[in-house]
>>> print(open('coords.cif').read())   # mmCIF, C-alpha atoms
data_data
loop_
_atom_site.label_atom_id
_atom_site.label_comp_id
_atom_site.auth_asym_id
_atom_site.auth_seq_id
_atom_site.Cartn_x
_atom_site.Cartn_y
_atom_site.Cartn_z
CA MET T 718 17.98 -28.18 -19.19
CA LYS T 719 15.74 -25.81 -17.26
CA ALA T 720 16.41 -25.06 -13.61
CA ARG T 721 13.77 -26.48 -11.30
CA ILE T 722 12.53 -23.75 -8.97
CA GLY T 723 9.93 -23.23 -6.30
CA VAL T 724 8.05 -20.15 -5.11
CA VAL T 725 6.94 -19.79 -1.50
CA GLY T 726 4.44 -17.07 -0.61
CA VAL T 727 2.77 -16.87 -3.98
CA SER T 728 -0.46 -15.14 -2.92
CA GLY T 729 0.76 -11.53 -2.71
CA TYR T 730 1.41 -8.92 -5.39
CA SER T 731 5.11 -9.72 -5.61
CA GLY T 732 4.22 -13.40 -5.88
CA LEU T 733 1.92 -12.65 -8.82
CA GLU T 734 4.55 -10.60 -10.63
CA LEU T 735 7.17 -13.27 -9.97
CA MET T 736 4.93 -16.00 -11.40
CA ARG T 737 4.30 -13.91 -14.51
CA LEU T 738 8.05 -13.77 -15.04
CA VAL T 739 8.80 -17.36 -14.04
CA LEU T 740 6.16 -18.95 -16.26
CA ARG T 741 7.59 -17.33 -19.39
CA HIS T 742 11.27 -17.62 -18.41
CA PRO T 743 13.07 -19.90 -20.88
CA ALA T 744 15.47 -21.30 -18.27
CA MET T 745 13.06 -21.96 -15.38
CA GLU T 746 10.66 -24.79 -14.61
CA CYS T 747 8.43 -24.01 -11.65
CA VAL T 748 7.65 -27.31 -9.93
CA SER T 749 5.98 -26.01 -6.77
CA VAL T 750 4.12 -23.00 -5.45
CA MET T 751 3.54 -22.84 -1.71
CA ALA T 752 1.31 -20.66 0.41
CA SER T 753 0.26 -20.18 4.02
CA GLU T 754 -2.45 -22.20 5.73
CA THR T 755 -4.70 -19.14 5.42
CA THR T 756 -4.47 -19.28 1.63
CA GLY T 757 -4.92 -23.05 1.60
CA GLN T 758 -4.47 -25.50 -1.25
CA LYS T 759 -6.07 -24.25 -4.45
CA PRO T 760 -5.32 -23.69 -8.12
CA LEU T 761 -2.91 -20.84 -8.72
CA ASP T 762 -5.31 -19.13 -11.11
CA GLU T 763 -7.96 -19.07 -8.40
CA ILE T 764 -5.64 -16.86 -6.32
CA HIS T 765 -4.50 -14.83 -9.32
CA PRO T 766 -7.04 -14.88 -12.19
CA GLN T 767 -4.43 -13.07 -14.32
CA LEU T 768 -2.71 -16.47 -14.62
CA ARG T 769 -5.66 -18.36 -16.13
CA ASN T 770 -4.61 -20.83 -18.83
CA LEU T 771 -0.95 -20.15 -18.01
CA SER T 772 -0.40 -22.70 -15.26
CA ARG T 773 -1.96 -25.80 -13.74
CA LEU T 774 -0.02 -25.48 -10.51
CA ARG T 775 -1.83 -25.71 -7.19
CA THR T 776 -0.59 -24.23 -3.95
CA GLU T 777 0.64 -26.63 -1.31
CA PRO T 778 1.74 -26.28 2.33
CA VAL T 779 5.13 -24.74 3.03
CA CYS T 780 7.73 -27.50 3.45
CA ALA T 781 11.48 -27.32 2.83
CA GLU T 782 11.81 -31.10 2.55
CA ARG T 783 9.11 -31.21 -0.12
CA LEU T 784 10.98 -28.64 -2.21
CA ALA T 785 14.16 -30.69 -1.88
CA ASP T 786 12.32 -33.89 -2.88
CA LEU T 787 11.04 -32.12 -6.00
CA GLY T 788 14.61 -31.34 -7.00
CA CYS T 789 14.41 -27.57 -6.59
CA GLY T 790 17.80 -25.96 -7.00
CA THR T 791 16.58 -22.45 -6.24
CA VAL T 792 13.61 -21.19 -4.23
CA PHE T 793 12.17 -17.69 -4.17
CA LEU T 794 10.75 -16.60 -0.81
CA CYS T 795 7.99 -13.99 -1.19
CA THR T 796 7.20 -14.39 2.47
CA PRO T 797 6.89 -12.17 5.56
CA ASN T 798 10.04 -11.44 7.53
CA GLU T 799 9.46 -13.98 10.29
CA VAL T 800 8.62 -16.75 7.81
CA SER T 801 11.75 -16.19 5.72
CA HIS T 802 13.81 -15.96 8.92
CA GLY T 803 12.83 -19.52 9.85
CA LEU T 804 12.54 -21.09 6.39
CA ALA T 805 15.69 -19.89 4.63
CA PRO T 806 18.10 -21.82 6.94
CA LYS T 807 16.11 -25.03 6.36
CA LEU T 808 16.27 -24.61 2.59
CA LEU T 809 20.01 -23.96 2.72
CA GLU T 810 20.48 -27.11 4.79
CA GLU T 811 18.72 -29.01 1.99
CA GLY T 812 21.26 -27.65 -0.50
CA ILE T 813 18.78 -25.22 -2.09
CA ARG T 814 19.84 -21.71 -3.08
CA VAL T 815 17.52 -18.96 -1.86
CA VAL T 816 16.43 -15.57 -3.18
CA ASP T 817 14.60 -13.92 -0.28
CA PHE T 818 12.25 -10.97 -0.80
CA SER T 819 11.93 -10.15 2.91
CA GLY T 820 14.14 -8.01 5.10
CA SER T 821 15.29 -10.96 7.20
CA PHE T 822 18.82 -11.17 5.79
CA ARG T 823 19.48 -7.65 4.50
CA LEU T 824 20.97 -6.10 7.65
CA ARG T 825 24.37 -7.42 8.66
CA ASP T 826 24.13 -6.34 12.31
CA PRO T 827 21.87 -8.84 14.15
CA SER T 828 21.18 -6.35 16.95
CA LEU T 829 19.22 -4.16 14.53
CA TYR T 830 16.45 -6.71 14.01
CA ASP T 831 14.82 -6.21 17.39
CA LEU T 832 14.81 -2.46 16.84
CA TRP T 833 13.59 -2.32 13.23
CA TYR T 834 11.80 -5.63 12.64
CA GLY T 835 10.52 -6.55 16.08
CA PHE T 836 12.18 -9.95 16.48
CA PRO T 837 15.63 -11.22 17.53
CA HIS T 838 17.67 -12.73 14.71
CA GLN T 839 18.55 -16.39 15.28
CA SER T 840 20.97 -16.91 12.37
CA PRO T 841 23.72 -14.28 12.65
CA ALA T 842 26.13 -16.42 10.63
CA LEU T 843 23.77 -16.21 7.66
CA LEU T 844 23.74 -12.42 7.92
CA ASN T 845 27.45 -12.52 7.18
CA GLU T 846 26.96 -14.95 4.31
CA ALA T 847 23.91 -13.37 2.66
CA VAL T 848 24.66 -11.29 -0.43
CA TYR T 849 22.76 -8.05 -0.82
CA GLY T 850 21.07 -8.44 -4.18
CA LEU T 851 21.42 -4.99 -5.70
CA THR T 852 22.44 -6.49 -9.01
CA GLU T 853 24.09 -3.47 -10.60
CA TRP T 854 26.55 -3.24 -7.70
CA ASN T 855 27.06 -6.83 -6.48
CA VAL T 856 27.23 -9.05 -9.58
CA SER T 857 30.43 -10.89 -8.60
CA ALA T 858 29.17 -11.87 -5.15
CA ILE T 859 25.70 -12.78 -6.43
CA ARG T 860 27.19 -15.29 -8.91
CA LYS T 861 28.49 -17.45 -6.05
CA ALA T 862 25.75 -16.78 -3.48
CA ARG T 863 23.72 -19.43 -1.71
CA LEU T 864 21.51 -16.79 -0.14
CA VAL T 865 20.57 -13.55 -1.87
CA ALA T 866 18.79 -10.88 0.18
CA ASN T 867 16.70 -9.14 -2.45
CA PRO T 868 16.70 -5.40 -1.66
CA GLY T 869 13.61 -3.53 -0.56
CA CYS T 870 11.75 -1.44 -3.11
CA TYR T 871 12.58 1.94 -1.56
CA PRO T 872 16.26 1.03 -1.06
CA THR T 873 16.53 -0.05 -4.69
CA SER T 874 15.25 3.32 -5.86
CA ALA T 875 17.41 5.30 -3.44
CA LEU T 876 20.64 3.31 -3.69
CA LEU T 877 20.79 3.21 -7.46
CA ALA T 878 20.64 7.01 -7.37
CA LEU T 879 22.97 7.63 -4.43
CA LEU T 880 25.71 5.00 -4.67
CA PRO T 881 27.58 6.52 -7.62
CA LEU T 882 28.05 9.84 -5.80
CA VAL T 883 28.79 8.35 -2.37
CA ARG T 884 31.27 5.79 -3.73
CA ALA T 885 32.97 8.55 -5.73
CA GLY T 886 33.58 10.37 -2.43
CA ILE T 887 32.03 13.63 -3.60
CA VAL T 888 29.20 13.86 -1.05
CA SER T 889 30.08 16.12 1.85
CA ALA T 890 31.09 13.91 4.79
CA GLY T 891 28.67 14.11 7.70
CA SER T 892 26.12 16.10 5.71
CA ASP T 893 22.41 15.34 5.77
CA ILE T 894 20.91 13.36 2.90
CA VAL T 895 17.17 13.84 2.50
CA CYS T 896 15.23 11.14 0.64
CA ASP T 897 11.60 11.83 -0.23
CA SER T 898 10.03 8.70 -1.78
CA LYS T 899 6.52 8.17 -3.10
CA SER T 900 5.06 4.72 -3.73
CA GLY T 901 1.91 3.17 -5.12
CA VAL T 902 -0.28 1.22 -2.70
CA THR T 903 0.85 -2.26 -3.81
CA GLY T 904 4.02 -1.55 -1.85
CA ALA T 905 1.98 -2.02 1.32
CA GLY T 906 1.05 -5.59 0.39
CA ARG T 907 -2.23 -7.37 -0.31
CA SER T 908 -3.59 -7.85 3.21
CA ALA T 909 -6.81 -6.05 4.08
CA LYS T 910 -6.20 -2.80 5.97
CA ALA T 911 -8.68 0.01 6.52
CA GLU T 912 -6.16 2.71 5.65
CA LEU T 913 -5.53 1.05 2.27
CA MET T 914 -9.17 0.86 1.17
CA PHE T 915 -9.99 2.58 -2.12
CA SER T 916 -12.14 5.18 -0.37
CA GLU T 917 -9.23 6.08 1.91
CA ILE T 918 -6.57 6.24 -0.82
CA ALA T 919 -8.34 7.71 -3.86
CA GLY T 920 -7.97 11.47 -4.10
CA SER T 921 -5.55 11.56 -1.17
CA PHE T 922 -1.80 11.66 -0.61
CA ARG T 923 0.08 11.25 2.67
CA ALA T 924 3.37 10.51 4.34
CA TYR T 925 3.79 7.46 6.57
CA SER T 926 6.46 6.20 8.98
CA PRO T 927 8.47 9.42 8.60
CA LEU T 928 12.09 9.09 9.81
CA ARG T 929 11.45 5.61 11.23
CA HIS T 930 10.80 3.39 8.23
CA ARG T 931 12.67 0.06 8.41
CA HIS T 932 14.22 0.61 4.99
CA ALA T 933 16.32 3.50 6.33
CA PRO T 934 18.98 1.33 8.06
CA GLU T 935 19.20 -0.85 4.95
CA ILE T 936 19.94 2.19 2.77
CA CYS T 937 22.45 3.60 5.25
CA GLN T 938 24.23 0.26 5.59
CA GLU T 939 24.84 0.03 1.85
CA LEU T 940 25.88 3.67 1.61
CA GLY T 941 28.10 3.52 4.70
CA TRP T 942 26.22 6.58 5.93
CA ALA T 943 25.25 7.47 9.51
CA ILE T 944 21.53 7.06 9.99
CA ASP T 945 21.45 10.27 12.07
CA HIS T 946 22.32 12.10 8.85
CA PHE T 947 19.81 10.36 6.63
CA ASP T 948 16.22 11.61 6.61
CA PHE T 949 13.92 9.17 4.84
CA VAL T 950 10.24 10.00 4.41
CA PRO T 951 8.04 7.66 2.34
CA HIS T 952 4.66 8.73 0.97
CA LEU T 953 1.63 6.82 -0.29
CA LEU T 954 0.42 7.75 -3.76
CA PRO T 955 -3.17 7.05 -4.93
CA VAL T 956 -1.88 4.76 -7.71
CA ASN T 957 -1.32 1.00 -7.88
CA ARG T 958 2.39 0.82 -8.48
CA GLY T 959 5.67 2.62 -8.97
CA ILE T 960 8.17 4.54 -6.83
CA LEU T 961 9.54 8.00 -7.47
CA SER T 962 12.32 9.14 -5.14
CA THR T 963 13.60 12.72 -4.94
CA ILE T 964 16.88 12.95 -3.03
CA TYR T 965 18.76 16.04 -1.84
CA VAL T 966 22.55 15.84 -1.48
CA THR T 967 25.26 18.33 -0.44
CA LEU T 968 28.59 17.94 -2.25
CA ALA T 969 32.05 18.28 -0.75
CA GLU T 970 32.91 20.87 -3.41
CA PRO T 971 31.02 22.46 -6.32
CA MET T 972 30.54 20.18 -9.32
CA SER T 973 29.44 20.90 -12.85
CA PRO T 974 26.49 18.99 -14.36
CA GLU T 975 28.97 17.45 -16.82
CA ARG T 976 31.11 16.03 -14.01
CA ILE T 977 28.04 14.54 -12.32
CA SER T 978 26.92 13.02 -15.62
CA ASP T 979 30.35 11.50 -16.16
CA ILE T 980 30.23 9.76 -12.77
CA TYR T 981 26.89 8.16 -13.56
CA ARG T 982 27.92 7.14 -17.06
CA ARG T 983 31.05 5.41 -15.77
CA CYS T 984 29.10 3.58 -13.05
CA TYR T 985 26.26 2.33 -15.22
CA GLU T 986 27.82 1.94 -18.64
CA GLY T 987 26.62 -1.36 -20.08
CA ARG T 988 24.04 -1.92 -17.33
CA PRO T 989 20.94 -2.96 -19.31
CA PHE T 990 18.28 -1.81 -16.86
CA MET T 991 19.73 1.61 -16.02
CA ARG T 992 18.45 4.51 -18.12
CA LEU T 993 20.22 7.80 -17.49
CA LEU T 994 18.16 10.87 -18.30
CA GLY T 995 20.85 13.17 -16.94
CA SER T 996 20.16 16.87 -16.58
CA GLN T 997 17.65 16.97 -19.42
CA GLY T 998 14.69 14.64 -18.81
CA LEU T 999 12.87 13.64 -15.64
CA PRO T 1000 11.71 10.16 -14.58
CA GLU T 1001 8.02 9.35 -14.38
CA LEU T 1002 6.15 6.27 -13.24
CA ARG T 1003 4.42 5.51 -16.51
CA ALA T 1004 7.82 5.13 -18.20
CA VAL T 1005 9.03 2.40 -15.81
CA ASN T 1006 5.92 0.62 -14.54
CA HIS T 1007 5.61 -3.04 -15.57
CA SER T 1008 9.35 -3.11 -16.33
CA ASN T 1009 12.70 -3.82 -14.69
CA PHE T 1010 14.14 -0.44 -15.67
CA CYS T 1011 15.35 2.29 -13.34
CA ASP T 1012 15.26 5.83 -14.76
CA LEU T 1013 17.66 8.34 -13.17
CA ALA T 1014 18.04 12.09 -13.56
CA TRP T 1015 19.76 14.88 -11.64
CA ARG T 1016 19.96 18.64 -11.30
CA THR T 1017 22.66 20.77 -9.69
CA ALA T 1018 21.76 23.73 -7.45
CA CYS T 1019 23.49 26.42 -5.41
CA ALA T 1020 26.27 26.90 -7.98
CA GLY T 1021 26.99 23.17 -8.01
CA GLU T 1022 27.21 22.73 -4.25
CA ARG T 1023 24.03 20.63 -4.11
CA VAL T 1024 22.51 17.95 -6.30
CA VAL T 1025 18.89 16.84 -6.51
CA LEU T 1026 18.49 13.24 -7.70
CA PHE T 1027 15.38 11.67 -9.25
CA SER T 1028 14.86 7.91 -9.44
CA ALA T 1029 11.86 5.95 -10.72
CA ILE T 1030 11.21 2.20 -10.63
CA ASP T 1031 8.29 -0.21 -10.57
CA ASN T 1032 8.12 -1.29 -6.93
CA LEU T 1033 6.89 -4.79 -7.87
CA ILE T 1034 9.36 -5.44 -10.70
CA LYS T 1035 12.72 -3.69 -10.29
CA GLY T 1036 11.86 -3.24 -6.60
CA ALA T 1037 11.02 -6.92 -6.08
CA SER T 1038 10.27 -9.71 -8.59
CA GLY T 1039 12.18 -8.42 -11.61
CA GLN T 1040 15.32 -7.84 -9.58
CA ALA T 1041 14.91 -11.33 -8.09
CA VAL T 1042 14.85 -12.86 -11.58
CA GLN T 1043 17.80 -10.67 -12.56
CA ASN T 1044 19.67 -12.11 -9.56
CA PHE T 1045 18.60 -15.66 -10.47
CA ASN T 1046 20.04 -15.14 -13.94
CA VAL T 1047 23.36 -14.00 -12.50
CA MET T 1048 23.44 -16.90 -10.01
CA HIS T 1049 23.00 -19.39 -12.86
CA GLY T 1050 25.47 -17.85 -15.29
CA LEU T 1051 22.74 -16.58 -17.63
CA ASP T 1052 22.39 -13.25 -19.37
CA GLU T 1053 20.93 -11.08 -16.62
CA THR T 1054 18.25 -9.75 -18.98
CA LEU T 1055 16.87 -13.22 -19.75
CA GLY T 1056 13.10 -13.27 -19.33
CA LEU T 1057 13.02 -9.57 -18.50
CA LEU T 1058 13.18 -7.79 -21.85
CA GLU T 1059 10.40 -9.53 -23.78
CA GLY T 1060 7.87 -7.04 -25.12
CA GLY T 1061 10.44 -4.25 -24.92
CA GLY T 1062 11.10 -5.00 -21.26
CA PHE T 1063 7.53 -4.46 -20.12
CA ALA T 1064 5.46 -7.14 -18.41
CA SER T 1065 1.77 -7.67 -19.04
CA HIS T 1066 -0.38 -4.90 -17.61
CA ASP T 1067 -2.90 -5.49 -14.85
#
>>> encode(input="coords.cif", output="structure tokens")
Amino acid sequence: MKARIGVVGVSGYSGLELMRLVLRHPAMECVSVMASETTGQKPLDEIHPQLRNLSRLRTEPVCAERLADLGCGTVFLCTPNEVSHGLAPKLLEEGIRVVDFSGSFRLRDPSLYDLWYGFPHQSPALLNEAVYGLTEWNVSAIRKARLVANPGCYPTSALLALLPLVRAGIVSAGSDIVCDSKSGVTGAGRSAKAELMFSEIAGSFRAYSPLRHRHAPEICQELGWAIDHFDFVPHLLPVNRGILSTIYVTLAEPMSPERISDIYRRCYEGRPFMRLLGSQGLPELRAVNHSNFCDLAWRTACAGERVVLFSAIDNLIKGASGQAVQNFNVMHGLDETLGLLEGGGFASHD
């Protein structure tokens, strides 16, 4: 029997990618798609023409009780931070499991929300309960979770590269980690903004929110690293999608490329969406876009005292909707690749 699921916040880019995955997933039946009052009630394929002839669903107003009445066992929230903050507790009270795309339940310290997200957190108990949904590192906890905080796109790219070295204890304690990440414009969402117009983006390239992006505390929390020693600078690429992160790390003692490779192999052996290019190849966006794969590579420098890491993902798939489906699969005791490897692991192109 298929799991009955709902999707709230279907009008954005992540919502589109999620629906592409959900509608072809052999273990899911989507019984409701909900959207804001601004979007209104309309056929799904009117919002996303890419879904023509694939679904007869119509958007309806956001309502936790309605989702419960429809028998939803799991709901995906592709909603802004404040919306998820208020809606997730209501869904949990209805006995519905939640996979939340927002940042509302990623940080465990409630005092950080005013500083980084601009609102006080009203459900600190849920911050302790929420499971951080970086699938490759938290499978056991995700299996039992009621509430999964799907990681941000930048943190997914950075953490998959950094965690093996930090957890192995080979990064120099108290040293500075520098993370230079570049993302396509879909990472900024679908709302109309002058700085995201084609004429402003095409032929240009710029940094934004340097050293104060809200994904920095999320990355540092999962690394157990002091934010004063983590320099995160995101950049906007003139492309639709994809993230490439280049990360600079100082080691506690010199390491050979072979030793570094061994650490990564041991961490990600058997992980279906991790592709290790090692010290030979280099990740590129065209190799991961429209897929749930993460490509990793590394180079040693300064006689093995430093390592430069390279990580590439699709911000909308591995950085959002694909990872959410991967987490759904784990939560329901399914093969975590289910619905994510058709067509060689690549979703339909835009």
>>> closest_residue(input="coords.cif", among="T:Glu754, T:Glu777, T:Asp817, T:Asp826", to="Asn798 of chain T", atoms="only C-alpha atoms")
T:Asp817
>>> resolve_selection(input="coords.cif", expression="the PyMOL selection byres ((chain T and resi 1015) around 8)", output="PDB file with C-alpha atoms, in the coordinates of the input")
ATOM      1  CA  LEU T 994      18.160  10.870 -18.300  1.00  0.00           C
ATOM      2  CA  GLY T 995      20.850  13.170 -16.940  1.00  0.00           C
ATOM      3  CA  SER T 996      20.160  16.870 -16.580  1.00  0.00           C
ATOM      4  CA  LEU T1013      17.660   8.340 -13.170  1.00  0.00           C
ATOM      5  CA  ALA T1014      18.040  12.090 -13.560  1.00  0.00           C
ATOM      6  CA  ARG T1016      19.960  18.640 -11.300  1.00  0.00           C
ATOM      7  CA  THR T1017      22.660  20.770  -9.690  1.00  0.00           C
ATOM      8  CA  VAL T1024      22.510  17.950  -6.300  1.00  0.00           C
ATOM      9  CA  VAL T1025      18.890  16.840  -6.510  1.00  0.00           C
ATOM     10  CA  LEU T1026      18.490  13.240  -7.700  1.00  0.00           C
ATOM     11  CA  PHE T1027      15.380  11.670  -9.250  1.00  0.00           C
TER      12      PHE T1027
END
>>> closest_atom_pairs(input="coords.cif", of="segment 936-1021 of chain T", to="segment 858-879 of chain T", cutoff="8 Å", atoms="all atoms listed in the file", output="Markdown table")
| residue | atom | partner | partner_atom | distance |
| --- | --- | --- | --- | --- |
| T:Ile936 | CA | T:Pro872 | CA | 5.4 |
| T:Glu939 | CA | T:Leu876 | CA | 7.7 |
| T:Leu940 | CA | T:Leu876 | CA | 7.5 |
| T:Ile960 | CA | T:Ser874 | CA | 7.2 |
| T:Leu961 | CA | T:Ser874 | CA | 7.6 |
| T:Ser962 | CA | T:Ser874 | CA | 6.6 |
| T:Ile964 | CA | T:Ala875 | CA | 7.7 |
| T:Cys1011 | CA | T:Ser874 | CA | 7.6 |
| T:Leu1013 | CA | T:Ala878 | CA | 6.7 |
>>> atom_distance(input="coords.cif", atom1="atom CA of Arg1003 of chain T", atom2="atom CA of Ser900 of chain T")
12.8 Å
>>> residues_around(input="coords.cif", residues="Leu843 of chain T", least_positions_apart="4", cutoff="12 Å", atoms="all atoms listed in the file", output="PyMOL selection string")
chain T and resi 802-803+805-807+809-810+815+821-827+838-839+847-849+862-866
>>> atom_distance(input="coords.cif", atom1="atom CA of Ala890 of chain T", atom2="atom CA of Asn855 of chain T")
23.9 Å
>>> axis_aligned_box(input="coords.cif", around="segment 778-782 of chain T", padding_each_side="4 Å", output="AutoDock Vina command-line options")
--center_x 6.8 --center_y -27.9 --center_z 2.9 --size_x 18.1 --size_y 14.4 --size_z 9.1
>>> resolve_selection(input="coords.cif", expression="the PyMOL selection byres ((chain T and resi 992) around 6)", output="MDAnalysis selection string")
chainID T and resid 991 993 1012
>>> closest_residue(input="coords.cif", among="T:Pro760, T:Gly790, T:Pro766, T:Gly850", to="Gly723 of chain T", atoms="only C-alpha atoms")
T:Gly790
>>> resolve_selection(input="coords.cif", expression="the PyMOL selection byres ((chain T and resi 1049) around 10)", output="CSV table (one decimal) with C-alpha atoms, in the frame of the given file")
chain,number,residue,atom,x,y,z
T,720,ALA,CA,16.4,-25.1,-13.6
T,744,ALA,CA,15.5,-21.3,-18.3
T,791,THR,CA,16.6,-22.4,-6.2
T,859,ILE,CA,25.7,-12.8,-6.4
T,860,ARG,CA,27.2,-15.3,-8.9
T,861,LYS,CA,28.5,-17.4,-6.0
T,1044,ASN,CA,19.7,-12.1,-9.6
T,1045,PHE,CA,18.6,-15.7,-10.5
T,1046,ASN,CA,20.0,-15.1,-13.9
T,1047,VAL,CA,23.4,-14.0,-12.5
T,1048,MET,CA,23.4,-16.9,-10.0
T,1050,GLY,CA,25.5,-17.8,-15.3
T,1051,LEU,CA,22.7,-16.6,-17.6
T,1052,ASP,CA,22.4,-13.2,-19.4
T,1053,GLU,CA,20.9,-11.1,-16.6
>>> atom_distance(input="coords.cif", atom1="atom CA of Leu794 of chain T", atom2="atom CA of Leu808 of chain T")
10.3 Å
>>> closest_residue(input="coords.cif", among="T:Val966, T:Leu880, T:Met736, T:Ala1004", to="Ile1030 of chain T", atoms="all atoms listed in the file")
T:Ala1004
>>> residues_around(input="coords.cif", residues="segment 944-951 of chain T", least_positions_apart="6", cutoff="8 Å", atoms="all atoms listed in the file", output="number ranges by chain")
T: 891-900, 924-930, 933-934, 937
>>> write_last_selection(input="coords.cif", atoms="C-alpha atoms", output="tab-separated table (two decimals), keeping the file's coordinate frame")
chain	number	residue	atom	x	y	z
T	891	GLY	CA	28.67	14.11	7.70
T	892	SER	CA	26.12	16.10	5.71
T	893	ASP	CA	22.41	15.34	5.77
T	894	ILE	CA	20.91	13.36	2.90
T	895	VAL	CA	17.17	13.84	2.50
T	896	CYS	CA	15.23	11.14	0.64
T	897	ASP	CA	11.60	11.83	-0.23
T	898	SER	CA	10.03	8.70	-1.78
T	899	LYS	CA	6.52	8.17	-3.10
T	900	SER	CA	5.06	4.72	-3.73
T	924	ALA	CA	3.37	10.51	4.34
T	925	TYR	CA	3.79	7.46	6.57
T	926	SER	CA	6.46	6.20	8.98
T	927	PRO	CA	8.47	9.42	8.60
T	928	LEU	CA	12.09	9.09	9.81
T	929	ARG	CA	11.45	5.61	11.23
T	930	HIS	CA	10.80	3.39	8.23
T	933	ALA	CA	16.32	3.50	6.33
T	934	PRO	CA	18.98	1.33	8.06
T	937	CYS	CA	22.45	3.60	5.25
>>> closest_residue(input="coords.cif", among="T:Glu782, T:Glu734, T:Glu1059, T:Asp1031", to="Cys795 of chain T", atoms="all atoms listed in the file")
T:Glu734
>>> residues_around(input="coords.cif", residues="Leu740 of chain T", least_positions_apart="4", cutoff="8 Å", atoms="only C-alpha atoms", output="ChimeraX atom specification")
/T:736,745-747,771-772
>>> closest_residue(input="coords.cif", among="T:Leu733, T:Ile722, T:Cys1019, T:Ala752", to="Ala785 of chain T", atoms="all atoms listed in the file")
T:Ile722
>>> closest_residue(input="coords.cif", among="T:Thr756, T:Ser973, T:Asn845, T:Ser801", to="Gly1021 of chain T", atoms="all atoms listed in the file")
T:Ser973
>>> residues_near_point(input="coords.cif", point="(13.2, -3.2, 13.4)", cutoff="10 Å", atoms="only C-alpha atoms", output="list in words")
Gly820, Ser828, Leu829, Tyr830, Asp831, Leu832, Trp833, Tyr834, Gly835, Phe836, Pro837, Arg929, His930, Arg931, His932 and Pro934 of chain T
